[in-house]
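Content type compact mmCIF, C-alpha atoms, from the file entry.txt:
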# COMPACT_ATOMS: atom_id res chain seq x y z
CA MET B 144 0.00 0.00 0.00
CA LEU B 145 2.80 2.36 0.96
CA SER B 146 4.86 1.38 -2.09
CA GLN B 147 2.03 2.72 -4.26
CA GLU B 148 2.25 6.04 -2.45
CA PHE B 149 5.99 6.20 -2.97
CA LYS B 150 5.45 5.50 -6.64
CA THR B 151 3.06 8.44 -6.98
CA LEU B 152 5.54 10.58 -5.10
CA LYS B 153 8.26 9.52 -7.58
CA ASN B 154 6.03 10.23 -10.55
CA LEU B 155 5.30 13.73 -9.30
CA GLY B 156 8.95 14.63 -9.53
CA PHE B 157 11.37 16.61 -7.44
CA ARG B 158 10.18 20.07 -8.53
CA HIS B 159 6.60 19.26 -7.62
CA CYS B 160 7.65 18.13 -4.15
CA LEU B 161 9.57 21.36 -3.67
CA LEU B 162 6.56 23.40 -4.77
CA GLN B 163 4.30 21.57 -2.32
CA ALA B 164 6.80 22.10 0.49
CA LEU B 165 6.91 25.78 -0.40
CA SER B 166 3.12 26.17 -0.30
CA PHE B 167 3.01 24.29 3.02
CA ALA B 168 5.64 26.65 4.45
CA SER B 169 3.77 29.69 3.16
CA VAL B 170 0.57 28.57 4.92
CA ILE B 171 2.45 28.22 8.19
CA CYS B 172 4.19 31.58 7.73
CA THR B 173 0.90 33.36 7.01
CA ALA B 174 -0.70 31.93 10.15
CA LEU B 175 2.31 32.91 12.25
CA SER B 176 2.48 36.44 10.85
CA VAL B 177 -1.26 37.00 11.39
CA TYR B 178 -0.86 35.85 15.02
CA LYS B 179 2.19 38.02 15.62
CA GLY B 180 0.61 40.99 13.82
CA LEU B 181 -2.43 40.68 16.08
CA GLY B 182 0.01 40.69 19.00
CA VAL B 183 1.48 44.01 17.82
CA VAL B 184 -1.97 45.59 17.42
CA LEU B 185 -3.22 44.32 20.79
CA ASN B 186 0.11 45.05 22.51
CA THR B 187 0.53 41.59 24.01
CA GLU B 188 2.80 38.60 23.58
CA SER B 189 -0.13 36.18 23.27
CA PRO B 190 -3.21 37.87 21.78
CA ILE B 191 -5.25 34.65 21.79
CA VAL B 192 -5.36 32.14 24.65
CA VAL B 193 -7.38 28.99 25.24
CA VAL B 194 -8.98 28.47 28.66
CA LEU B 195 -7.52 25.33 30.25
CA SER B 196 -9.21 25.21 33.66
CA GLU B 197 -12.67 25.47 35.18
CA SER B 198 -11.71 28.17 37.67
CA MET B 199 -13.71 30.87 35.83
CA GLU B 200 -16.93 28.84 35.38
CA PRO B 201 -19.62 29.74 34.46
CA ALA B 202 -18.09 32.71 32.61
CA PHE B 203 -15.45 30.69 30.77
CA ALA B 204 -15.38 26.95 30.19
CA ARG B 205 -12.50 24.73 29.14
CA GLY B 206 -11.73 25.24 25.45
CA ASP B 207 -13.07 28.79 25.10
CA ILE B 208 -10.90 31.16 23.05
CA LEU B 209 -10.13 34.53 24.64
CA PHE B 210 -8.87 37.67 22.90
CA LEU B 211 -6.49 39.72 25.00
CA TYR B 212 -5.44 43.34 24.94
CA HIS B 213 -2.67 44.83 27.03
CA PRO B 214 -3.40 48.50 27.81
CA PRO B 215 -0.37 50.85 27.94
CA TYR B 216 1.34 51.10 31.34
CA SER B 217 -0.08 54.60 31.85
CA THR B 218 -3.58 53.04 32.01
CA PRO B 219 -3.92 51.09 35.24
CA ILE B 220 -5.74 47.77 35.53
CA LYS B 221 -9.15 48.05 37.25
CA THR B 222 -10.93 45.75 39.66
CA GLY B 223 -13.50 43.58 37.94
CA GLU B 224 -11.44 43.17 34.80
CA ILE B 225 -10.52 39.63 33.83
CA THR B 226 -6.76 39.42 33.37
CA VAL B 227 -4.36 36.78 32.13
CA TYR B 228 -1.11 36.61 34.07
CA LYS B 229 2.05 34.56 34.08
CA ILE B 230 4.05 33.67 37.18
CA PRO B 231 7.83 33.58 36.56
CA ASN B 232 9.16 30.03 36.02
CA SER B 233 5.74 28.66 35.26
CA GLU B 234 4.59 28.01 31.71
CA ILE B 235 0.81 28.16 32.02
CA PRO B 236 -0.93 31.54 31.86
CA ILE B 237 -3.82 31.93 34.32
CA VAL B 238 -7.14 33.68 33.55
CA HIS B 239 -8.62 35.27 36.70
CA ARG B 240 -10.54 38.37 37.78
CA VAL B 241 -8.95 41.31 39.65
CA ILE B 242 -10.48 41.77 43.12
CA ASP B 243 -7.99 44.08 44.80
CA HIS B 244 -5.83 46.77 43.27
CA HIS B 245 -3.51 49.43 44.70
CA ILE B 246 -1.46 52.04 42.86
CA SER B 247 1.20 53.94 44.71
CA THR B 248 2.66 56.97 42.99
CA ASP B 249 6.24 58.03 43.58
CA GLY B 250 6.93 61.02 41.35
CA ASP B 251 6.13 59.90 37.82
CA TYR B 252 6.57 56.27 38.67
CA ASN B 253 3.54 54.11 39.44
CA THR B 254 3.65 50.78 41.21
CA GLU B 255 0.62 48.56 40.83
CA LEU B 256 -0.20 45.77 43.25
CA ILE B 257 -2.84 43.38 41.97
CA LEU B 258 -4.74 40.52 43.60
CA THR B 259 -6.83 38.13 41.50
CA LYS B 260 -9.38 35.39 42.10
CA GLY B 261 -11.13 32.82 39.93
CA ASP B 262 -14.92 33.21 39.97
CA ASN B 263 -15.28 29.48 40.69
CA ASN B 264 -12.53 29.30 43.34
CA PRO B 265 -13.34 29.67 47.04
CA GLY B 266 -10.25 31.75 47.87
CA ASP B 267 -8.04 34.34 46.22
CA ASP B 268 -4.89 33.60 44.24
CA THR B 269 -2.16 34.31 46.81
CA VAL B 270 -1.46 30.55 46.92
CA LEU B 271 -0.60 30.66 43.20
CA TYR B 272 1.86 33.55 43.43
CA LYS B 273 4.74 31.36 44.70
CA GLY B 274 5.34 33.15 47.98
CA LYS B 275 4.52 36.66 46.77
CA LYS B 276 1.50 38.49 48.16
CA TRP B 277 0.69 40.50 45.04
CA LEU B 278 0.98 40.42 41.28
CA LYS B 279 3.01 43.17 39.61
CA ARG B 280 1.82 44.89 36.48
CA ASP B 281 4.58 43.40 34.30
CA GLN B 282 3.27 39.91 35.05
CA ILE B 283 -0.04 40.74 33.38
CA VAL B 284 -0.13 39.37 29.83
CA GLY B 285 -3.38 41.16 28.97
CA LYS B 286 -6.99 41.65 29.87
CA VAL B 287 -9.84 39.73 28.27
CA MET B 288 -11.67 41.77 25.62
CA GLY B 289 -13.94 39.14 24.13
CA TYR B 290 -14.36 35.45 23.58
CA ILE B 291 -15.65 32.66 21.37
CA PRO B 292 -16.98 29.62 23.25
CA TYR B 293 -15.38 26.18 22.72
CA ALA B 294 -13.55 27.25 19.54
CA GLY B 295 -10.23 26.15 21.02
CA TYR B 296 -11.35 22.79 22.29
CA ILE B 297 -9.24 20.98 19.69
CA THR B 298 -6.03 22.22 21.35
CA ILE B 299 -7.21 20.75 24.67
CA LEU B 300 -7.95 17.44 22.93
CA MET B 301 -4.48 17.48 21.41
CA ASN B 302 -2.87 18.28 24.76
CA ASP B 303 -4.74 15.46 26.47
CA HIS B 304 -4.06 12.94 23.68
CA PRO B 305 -0.69 13.70 22.04
CA ASN B 306 -1.09 10.78 19.60
CA LEU B 307 -4.03 12.64 18.04
CA LYS B 308 -1.72 15.57 17.34
CA TYR B 309 0.90 13.43 15.57
CA ALA B 310 -1.73 11.54 13.58
CA GLY B 311 -3.32 14.81 12.44
CA MET B 312 0.02 16.28 11.45
CA ALA B 313 0.98 13.13 9.51
CA ILE B 314 -2.32 13.06 7.62
CA MET B 315 -2.04 16.77 6.78
CA ALA B 316 1.53 16.38 5.52
CA LEU B 317 0.55 13.38 3.39
CA PHE B 318 -2.34 15.26 1.79
CA VAL B 319 -0.16 18.25 1.06
CA MET B 320 2.53 16.13 -0.57
CA LEU B 321 0.19 13.97 -2.64
CA LYS B 322 -2.20 16.66 -3.80
CA ARG B 323 -1.81 17.32 -7.52
CA GLU B 324 -3.43 20.38 -8.86
CA MET Y 120 -11.67 18.48 -8.72
CA PHE Y 121 -14.85 16.60 -7.87
CA THR Y 122 -13.33 14.23 -5.37
CA THR Y 123 -14.90 13.52 -1.98
CA LEU Y 124 -12.02 15.35 -0.36
CA ALA Y 125 -12.54 18.50 -2.42
CA ARG Y 126 -16.26 18.51 -1.62
CA LEU Y 127 -15.56 18.01 2.07
CA ASN Y 128 -13.03 20.80 1.94
CA SER Y 129 -15.34 23.36 0.34
CA LEU Y 130 -18.23 22.33 2.60
CA SER Y 131 -16.20 22.87 5.78
CA ALA Y 132 -14.89 26.16 4.35
CA ILE Y 133 -18.38 27.54 3.75
CA ILE Y 134 -19.64 26.27 7.13
CA SER Y 135 -16.79 27.86 9.07
CA SER Y 136 -16.89 31.19 7.20
CA SER Y 137 -20.67 31.57 7.51
CA LEU Y 138 -20.42 30.61 11.20
CA PHE Y 139 -17.85 33.35 11.72
CA VAL Y 140 -20.02 35.93 9.94
CA LEU Y 141 -22.96 34.88 12.14
CA ILE Y 142 -20.86 35.11 15.32
CA GLY Y 143 -19.61 38.53 14.25
CA MET Y 144 -23.14 39.78 13.63
CA ILE Y 145 -24.38 38.44 16.97
CA SER Y 146 -21.57 40.19 18.83
CA LEU Y 147 -22.34 43.43 16.95
CA THR Y 148 -25.90 43.41 18.34
CA SER Y 149 -24.58 43.75 21.90
CA LEU Y 150 -22.21 46.71 21.64
CA ARG Y 151 -24.41 49.10 23.64
CA TYR Y 152 -26.42 48.54 26.78
CA PRO Y 153 -28.96 50.94 28.26
CA GLU Y 154 -28.40 52.53 31.67
CA SER Y 155 -30.51 52.16 34.77
CA THR Y 156 -30.52 53.85 38.16
CA LEU Y 157 -32.75 51.36 39.96
CA SER Y 158 -29.97 49.59 41.85
CA ASN Y 159 -29.07 50.84 45.29
CA ILE Y 160 -27.06 49.95 48.38
CA GLN Y 161 -27.60 50.95 52.02
CA LEU Y 162 -24.95 50.19 54.59
CA THR Y 163 -26.47 48.66 57.70
CA GLN Y 164 -23.21 48.25 59.54
CA PHE Y 165 -19.81 49.85 59.04
CA ASN Y 166 -17.01 49.47 61.59
CA VAL Y 167 -13.26 49.85 61.59
CA VAL Y 168 -11.27 47.82 64.12
CA ASN Y 169 -7.58 47.30 64.86
CA SER Y 170 -5.92 44.00 64.15
CA TYR Y 171 -4.50 42.10 67.14
CA ASN Y 172 -0.95 43.26 66.42
CA LYS Y 173 -2.14 46.84 65.79
CA LEU Y 174 -0.34 46.92 62.43
CA ASN Y 175 -3.46 47.07 60.30
CA GLU Y 176 -7.02 48.26 60.48
CA PHE Y 177 -9.88 46.17 59.18
CA ALA Y 178 -13.15 47.60 57.96
CA PHE Y 179 -16.30 45.48 58.32
CA LEU Y 180 -19.54 46.21 56.57
CA ARG Y 181 -23.00 44.79 56.05
CA PHE Y 182 -25.53 46.12 53.59
CA ASP Y 183 -29.05 45.95 52.19
CA GLY Y 184 -29.60 46.54 48.54
CA LEU Y 185 -31.39 45.98 45.29
CA ILE Y 186 -29.52 44.83 42.22
CA ASP Y 187 -31.49 45.50 39.08
CA SER Y 188 -29.84 44.06 35.98
CA SER Y 189 -32.95 43.66 33.82
CA HIS Y 190 -31.71 46.28 31.37
CA LEU Y 191 -28.55 44.22 30.82
CA PHE Y 192 -30.57 41.07 30.13
CA ASP Y 193 -32.74 42.85 27.52
CA ASN Y 194 -30.08 41.83 25.05
CA TRP Y 195 -30.27 38.14 24.17
CA ASN Y 196 -26.48 37.84 23.99
CA THR Y 197 -26.13 38.13 27.80
CA LYS Y 198 -25.11 34.83 29.42
CA GLN Y 199 -24.48 36.18 32.90
CA VAL Y 200 -23.72 39.40 34.74
CA PHE Y 201 -20.99 39.51 37.36
CA VAL Y 202 -21.65 42.26 39.91
CA GLN Y 203 -19.08 43.49 42.37
CA LEU Y 204 -19.29 45.89 45.29
CA THR Y 205 -16.02 47.78 45.39
CA ALA Y 206 -14.63 50.21 47.94
CA ASN Y 207 -12.48 52.91 46.30
CA TYR Y 208 -10.28 54.96 48.63
CA ASN Y 209 -7.46 57.32 47.76
CA ASN Y 210 -4.95 59.47 49.54
CA LYS Y 211 -2.12 61.63 48.29
CA ASN Y 212 0.11 58.83 47.05
CA THR Y 213 -2.09 55.79 46.63
CA GLN Y 214 -5.25 54.83 44.82
CA SER Y 215 -6.90 51.68 46.05
CA SER Y 216 -9.93 49.71 45.08
CA THR Y 217 -10.93 46.57 46.91
CA VAL Y 218 -13.81 44.29 46.03
CA VAL Y 219 -15.72 43.48 49.22
CA TRP Y 220 -18.57 41.46 47.76
CA ASP Y 221 -19.53 39.90 44.45
CA LYS Y 222 -22.28 37.82 42.91
CA ILE Y 223 -22.95 35.99 39.66
CA ILE Y 224 -26.36 37.03 38.30
CA LYS Y 225 -28.11 34.49 36.08
CA PRO Y 226 -31.05 35.42 33.78
CA HIS Y 227 -33.69 34.39 36.37
CA GLN Y 228 -32.18 36.68 39.05
CA GLN Y 229 -32.60 40.01 37.27
CA HIS Y 230 -34.09 41.71 40.33
CA THR Y 231 -32.09 40.57 43.33
CA ARG Y 232 -32.87 41.94 46.77
CA ILE Y 233 -29.97 41.71 49.20
CA GLU Y 234 -30.71 41.74 52.93
CA ASN Y 235 -28.04 42.37 55.52
CA ALA Y 236 -25.35 40.77 53.37
CA LYS Y 237 -21.92 40.34 54.87
CA GLN Y 238 -18.78 41.26 52.99
CA LYS Y 239 -16.89 38.38 51.37
CA TYR Y 240 -13.37 39.77 51.11
CA SER Y 241 -11.40 41.64 53.74
CA LEU Y 242 -10.89 45.38 53.54
CA LYS Y 243 -7.72 46.37 55.33
CA SER Y 244 -5.27 49.24 55.45
CA LYS Y 245 -2.52 50.64 57.68
CA SER Y 246 -4.96 53.38 58.62
CA PHE Y 247 -8.30 54.34 57.11
CA LYS Y 248 -8.02 57.81 58.65
CA ASP Y 249 -6.04 59.32 55.76
CA TYR Y 250 -8.53 58.49 53.07
CA SER Y 251 -10.82 61.10 51.66
CA ASN Y 252 -13.29 60.83 48.79
CA ALA Y 253 -13.99 57.18 49.47
CA THR Y 254 -16.80 55.64 47.45
CA LEU Y 255 -18.70 52.39 47.39
CA THR Y 256 -19.45 51.32 43.82
CA LEU Y 257 -21.58 48.54 42.42
CA THR Y 258 -20.15 47.55 39.02
CA TYR Y 259 -21.15 44.96 36.46
CA ASP Y 260 -19.26 42.83 33.96
CA ILE Y 261 -21.40 41.31 31.23
CA GLN Y 262 -20.38 37.88 30.02
CA PRO Y 263 -21.92 37.42 26.56
CA TYR Y 264 -22.61 34.13 24.80
CA VAL Y 265 -20.12 35.29 22.21
CA GLY Y 266 -18.30 38.57 21.63
CA LEU Y 267 -17.02 41.43 23.72
CA ASN Y 268 -17.08 41.69 27.52
CA ARG Y 269 -18.66 44.93 28.75
CA GLN Y 270 -18.19 46.72 32.05
CA GLY Y 271 -20.18 49.51 33.67
CA VAL Y 272 -21.49 51.03 36.89
CA LEU Y 273 -24.88 50.24 38.46
CA HIS Y 274 -24.64 52.44 41.53
CA SER Y 275 -22.10 54.57 43.33
CA GLN Y 276 -22.21 56.40 46.65
CA PRO Y 277 -19.73 58.26 48.84
CA ILE Y 278 -18.77 56.68 52.15
CA GLU Y 279 -16.85 57.89 55.16
CA PHE Y 280 -14.70 55.52 57.16
CA PRO Y 281 -15.72 55.64 60.86
CA ASN Y 282 -13.22 56.06 63.67
CA VAL Y 283 -11.49 52.95 64.97
CA LYS Y 284 -13.61 51.07 67.47
CA SER Y 285 -11.55 50.41 70.58
CA ASN Y 286 -13.21 47.19 71.69
CA ILE Y 287 -15.10 44.73 69.53

Could I get this file's structure written as structure tokens?
Amino acid sequence: MLSQEFKTLKNLGFRHCLLQALSFASVICTALSVYKGLGVVLNTESPIVVVLSESMEPAFARGDILFLYHPPYSTPIKTGEITVYKIPNSEIPIVHRVIDHHISTDGDYNTELILTKGDNNPGDDTVLYKGKKWLKRDQIVGKVMGYIPYAGYITILMNDHPNLKYAGMAIMALFVMLKRE
Amino acid sequence: MFTTLARLNSLSAIISSSLFVLIGMISLTSLRYPESTLSNIQLTQFNVVNSYNKLNEFAFLRFDGLIDSSHLFDNWNTKQVFVQLTANYNNKNTQSSTVVWDKIIKPHQQHTRIENAKQKYSLKSKSFKDYSNATLTLTYDIQPYVGLNRQGVLHSQPIEFPNVKSNI
């Protein structure tokens, strides 16, 4: 069965393979540049995140896609806003709501202290801050502007079942290589 | 050109693009929400006490109130409304806002009467004496079915922190 496939691949020729590889690369580059361009417009390193936990139920469920915007540092965060933050040395960004916020002004320099809590969690997030009592502003990745429910569920499926990811990638690559048009 | 794969491909393309147009149009219907002044809050208890080690002061409050969010549920894209009661207090060098109470409002709770509710989160400071222009604000955050999150104010009133109570 596989020998047949190799035969077709041989028949297509080297130039055709190169062309297919090029179009595959251009698709990936377009997706990446759209994502990064969105990051420039929305002023954040990750403009789109997928909700991974149930801590913000019933507002956000697992698999929802969130669009983030990071306001300039001159605009402080407000209580009630849903923020995404990253703790140093931990990979996973956390989506929680701000419940306590203090700005202290020293000349032109503002220091923001932020405390967050998940709507579905009984207590606030101090246990997640790795010994710190407050979040600093530079740990905030962005605040949630809008969302699409469940649109990112496929990434959760792929995280939970890595074999699915490899199978999907293999099938996609095969189709791209064997397509003749 | 007329293979099963090509048909599947164009079918999924038209489904996903029309779904995105539909989602976009739904979220456009909920860009503006009307205002309402029906909500109100009355403090029934408001005390400030020292902590045991005298390093901090804690403020305790209880309140009655009416939360009217019917104008926010007029739009069919509203999944839930998250209301928060926030104390805002500033002095020369700091601006603070602390949420003392919150509630998730579902569509069947559009008129919610609150009786003698206790605060949920602690309100503490080195000293509440320095703060002027303190306010108590009831804010909302609309969670839509799809689209943009919207924030706004339901009710706001000035408050004055009482003197520290010596014995509890």

Surrounding residues of Ser275 of chain Y excluding itself and chain neighbours under 5 positions, 8 Å, all atoms listed in the file, as JSON, numbers by chain
{"Y": [254, 255, 256, 257]}

Quick one: write out the picked residues with C-alpha atoms as a short mmCIF file (atom, residue, chain, number, x, y, z; two decimals), keeping the file's coordinate frame?
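What ended up in part32.cif:
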data_model
loop_
_atom_site.label_atom_id
_atom_site.label_comp_id
_atom_site.auth_asym_id
_atom_site.auth_seq_id
_atom_site.Cartn_x
_atom_site.Cartn_y
_atom_site.Cartn_z
CA THR Y 254 -16.80 55.64 47.45
CA LEU Y 255 -18.70 52.39 47.39
CA THR Y 256 -19.45 51.32 43.82
CA LEU Y 257 -21.58 48.54 42.42
#

Option closest in space to Lys150 of chain B, from B:Met288, B:Val170, B:Ala164, B:Leu321 [counting all atoms listed in the file]
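Ranked by minimum distance to Lys150 of chain B, first place goes to B:Leu321.
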
Would you pick out the contacts of segment 202-213 of chain Y at 10 Å or less, using only C-alpha atoms, so that residues sharing its chain but fewer than 2 positions from it are not included, and give the list as a VMD selection string?
(chain B and resid 222 to 223 242 to 250 253 to 255) or (chain Y and resid 160 186 188 199 to 200 215 to 224 238 to 239 242 247 to 261 270 to 280)

12 Å contact set for Ala202 of chain B, only C-alpha atoms, chain neighbours under 4 positions out, as a ChimeraX atom specification:
/B:194,196-198,207,209,225,238-240,261-263,287,289-292 /Y:197-201,223-225,260-265,268

Store the residues of this selection in a file with C-alpha atoms, as a PDB file, in the frame of the given file.
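Final file, out_11.pdb:
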ATOM      1  CA  VAL B 194      -8.980  28.470  28.660  1.00  0.00           C
ATOM      2  CA  SER B 196      -9.210  25.210  33.660  1.00  0.00           C
ATOM      3  CA  GLU B 197     -12.670  25.470  35.180  1.00  0.00           C
ATOM      4  CA  SER B 198     -11.710  28.170  37.670  1.00  0.00           C
ATOM      5  CA  ASP B 207     -13.070  28.790  25.100  1.00  0.00           C
ATOM      6  CA  LEU B 209     -10.130  34.530  24.640  1.00  0.00           C
ATOM      7  CA  ILE B 225     -10.520  39.630  33.830  1.00  0.00           C
ATOM      8  CA  VAL B 238      -7.140  33.680  33.550  1.00  0.00           C
ATOM      9  CA  HIS B 239      -8.620  35.270  36.700  1.00  0.00           C
ATOM     10  CA  ARG B 240     -10.540  38.370  37.780  1.00  0.00           C
ATOM     11  CA  GLY B 261     -11.130  32.820  39.930  1.00  0.00           C
ATOM     12  CA  ASP B 262     -14.920  33.210  39.970  1.00  0.00           C
ATOM     13  CA  ASN B 263     -15.280  29.480  40.690  1.00  0.00           C
ATOM     14  CA  VAL B 287      -9.840  39.730  28.270  1.00  0.00           C
ATOM     15  CA  GLY B 289     -13.940  39.140  24.130  1.00  0.00           C
ATOM     16  CA  TYR B 290     -14.360  35.450  23.580  1.00  0.00           C
ATOM     17  CA  ILE B 291     -15.650  32.660  21.370  1.00  0.00           C
ATOM     18  CA  PRO B 292     -16.980  29.620  23.250  1.00  0.00           C
TER      19      PRO B 292
ATOM     20  CA  THR Y 197     -26.130  38.130  27.800  1.00  0.00           C
ATOM     21  CA  LYS Y 198     -25.110  34.830  29.420  1.00  0.00           C
ATOM     22  CA  GLN Y 199     -24.480  36.180  32.900  1.00  0.00           C
ATOM     23  CA  VAL Y 200     -23.720  39.400  34.740  1.00  0.00           C
ATOM     24  CA  PHE Y 201     -20.990  39.510  37.360  1.00  0.00           C
ATOM     25  CA  ILE Y 223     -22.950  35.990  39.660  1.00  0.00           C
ATOM     26  CA  ILE Y 224     -26.360  37.030  38.300  1.00  0.00           C
ATOM     27  CA  LYS Y 225     -28.110  34.490  36.080  1.00  0.00           C
ATOM     28  CA  ASP Y 260     -19.260  42.830  33.960  1.00  0.00           C
ATOM     29  CA  ILE Y 261     -21.400  41.310  31.230  1.00  0.00           C
ATOM     30  CA  GLN Y 262     -20.380  37.880  30.020  1.00  0.00           C
ATOM     31  CA  PRO Y 263     -21.920  37.420  26.560  1.00  0.00           C
ATOM     32  CA  TYR Y 264     -22.610  34.130  24.800  1.00  0.00           C
ATOM     33  CA  VAL Y 265     -20.120  35.290  22.210  1.00  0.00           C
ATOM     34  CA  ASN Y 268     -17.080  41.690  27.520  1.00  0.00           C
TER      35      ASN Y 268
END

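Taking atom CA of Leu211 of chain B and atom CA of Ile142 of chain Y as endpoints, the distance between them is 17.9 Å.
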
Find the residues near segment 229-236 of chain Y: any atom within 9 Å, counting all atoms listed in the file, skip ones fewer than 6 places away on the same chain, and give them as JSON, numbers by chain.
{"Y": [160, 162, 163, 164, 180, 181, 182, 183, 184, 185, 186, 187, 188, 189, 190, 191, 192, 220]}

For chain B, the closest of Y:Val168, Y:Leu174, Y:Leu150, Y:Ile133 counting all atoms listed in the file is Y:Leu150

Straight-line distance linking atom CA of Ser170 of chain Y with atom CA of Asn282 of chain Y, stated in Å to one decimal:
14.1 Å

With distances taken over all atoms listed in the file, which residue among Y:Thr148, Y:Tyr240, Y:Ser246, Y:Arg269 lies nearest Thr259 of chain B?
Y:Tyr240

Would you be able to write out as a short mmCIF file (atom, residue, chain, number, x, y, z; two decimals) with C-alpha atoms, in the frame of the given file which residues have an atom within 7 Å of (3.7, 42.4, 42.4) in the file's coordinates, counting only C-alpha atoms?
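Output file point-v1.cif is given in full below:
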data_model
loop_
_atom_site.label_atom_id
_atom_site.label_comp_id
_atom_site.auth_asym_id
_atom_site.auth_seq_id
_atom_site.Cartn_x
_atom_site.Cartn_y
_atom_site.Cartn_z
CA LEU B 256 -0.20 45.77 43.25
CA ILE B 257 -2.84 43.38 41.97
CA TRP B 277 0.69 40.50 45.04
CA LEU B 278 0.98 40.42 41.28
CA LYS B 279 3.01 43.17 39.61
CA ARG B 280 1.82 44.89 36.48
#

Atoms are missing here; could segment 297-302 of chain B be completed with all heavy atoms and written as a PDB file, keeping the file's coordinate frame?
ATOM      1  N   ILE B 297     -10.115  21.945  20.365  1.00  0.00           N
ATOM      2  CA  ILE B 297      -9.240  20.980  19.690  1.00  0.00           C
ATOM      3  C   ILE B 297      -7.829  21.004  20.280  1.00  0.00           C
ATOM      4  O   ILE B 297      -7.177  19.960  20.381  1.00  0.00           O
ATOM      5  CB  ILE B 297      -9.242  21.241  18.165  1.00  0.00           C
ATOM      6  CG1 ILE B 297      -8.675  20.027  17.438  1.00  0.00           C
ATOM      7  CG2 ILE B 297      -8.504  22.483  17.784  1.00  0.00           C
ATOM      8  CD1 ILE B 297      -9.174  19.880  16.038  1.00  0.00           C
ATOM      9  N   THR B 298      -7.374  22.174  20.738  1.00  0.00           N
ATOM     10  CA  THR B 298      -6.030  22.220  21.350  1.00  0.00           C
ATOM     11  C   THR B 298      -6.013  21.463  22.674  1.00  0.00           C
ATOM     12  O   THR B 298      -5.018  20.841  23.020  1.00  0.00           O
ATOM     13  CB  THR B 298      -5.578  23.663  21.601  1.00  0.00           C
ATOM     14  OG1 THR B 298      -6.500  24.277  22.502  1.00  0.00           O
ATOM     15  CG2 THR B 298      -5.500  24.461  20.332  1.00  0.00           C
ATOM     16  N   ILE B 299      -7.136  21.513  23.412  1.00  0.00           N
ATOM     17  CA  ILE B 299      -7.210  20.750  24.670  1.00  0.00           C
ATOM     18  C   ILE B 299      -7.196  19.261  24.369  1.00  0.00           C
ATOM     19  O   ILE B 299      -6.487  18.485  25.023  1.00  0.00           O
ATOM     20  CB  ILE B 299      -8.473  21.156  25.452  1.00  0.00           C
ATOM     21  CG1 ILE B 299      -8.260  22.535  26.071  1.00  0.00           C
ATOM     22  CG2 ILE B 299      -8.794  20.133  26.521  1.00  0.00           C
ATOM     23  CD1 ILE B 299      -9.340  22.974  26.995  1.00  0.00           C
ATOM     24  N   LEU B 300      -7.949  18.853  23.333  1.00  0.00           N
ATOM     25  CA  LEU B 300      -7.950  17.440  22.930  1.00  0.00           C
ATOM     26  C   LEU B 300      -6.543  16.994  22.573  1.00  0.00           C
ATOM     27  O   LEU B 300      -6.104  15.911  22.953  1.00  0.00           O
ATOM     28  CB  LEU B 300      -8.878  17.240  21.723  1.00  0.00           C
ATOM     29  CG  LEU B 300     -10.357  17.097  22.019  1.00  0.00           C
ATOM     30  CD1 LEU B 300     -11.114  16.850  20.724  1.00  0.00           C
ATOM     31  CD2 LEU B 300     -10.587  15.937  22.983  1.00  0.00           C
ATOM     32  N   MET B 301      -5.821  17.865  21.842  1.00  0.00           N
ATOM     33  CA  MET B 301      -4.480  17.480  21.410  1.00  0.00           C
ATOM     34  C   MET B 301      -3.499  17.441  22.570  1.00  0.00           C
ATOM     35  O   MET B 301      -2.573  16.644  22.580  1.00  0.00           O
ATOM     36  CB  MET B 301      -3.992  18.443  20.321  1.00  0.00           C
ATOM     37  CG  MET B 301      -4.705  18.186  19.007  1.00  0.00           C
ATOM     38  SD  MET B 301      -3.852  18.803  17.586  1.00  0.00           S
ATOM     39  CE  MET B 301      -4.083  20.536  17.739  1.00  0.00           C
ATOM     40  N   ASN B 302      -3.724  18.327  23.567  1.00  0.00           N
ATOM     41  CA  ASN B 302      -2.870  18.280  24.760  1.00  0.00           C
ATOM     42  C   ASN B 302      -3.112  17.013  25.565  1.00  0.00           C
ATOM     43  O   ASN B 302      -2.186  16.410  26.098  1.00  0.00           O
ATOM     44  CB  ASN B 302      -3.134  19.494  25.645  1.00  0.00           C
ATOM     45  CG  ASN B 302      -2.174  20.611  25.336  1.00  0.00           C
ATOM     46  OD1 ASN B 302      -1.107  20.369  24.763  1.00  0.00           O
ATOM     47  ND2 ASN B 302      -2.542  21.824  25.691  1.00  0.00           N
TER      48      ASN B 302
END
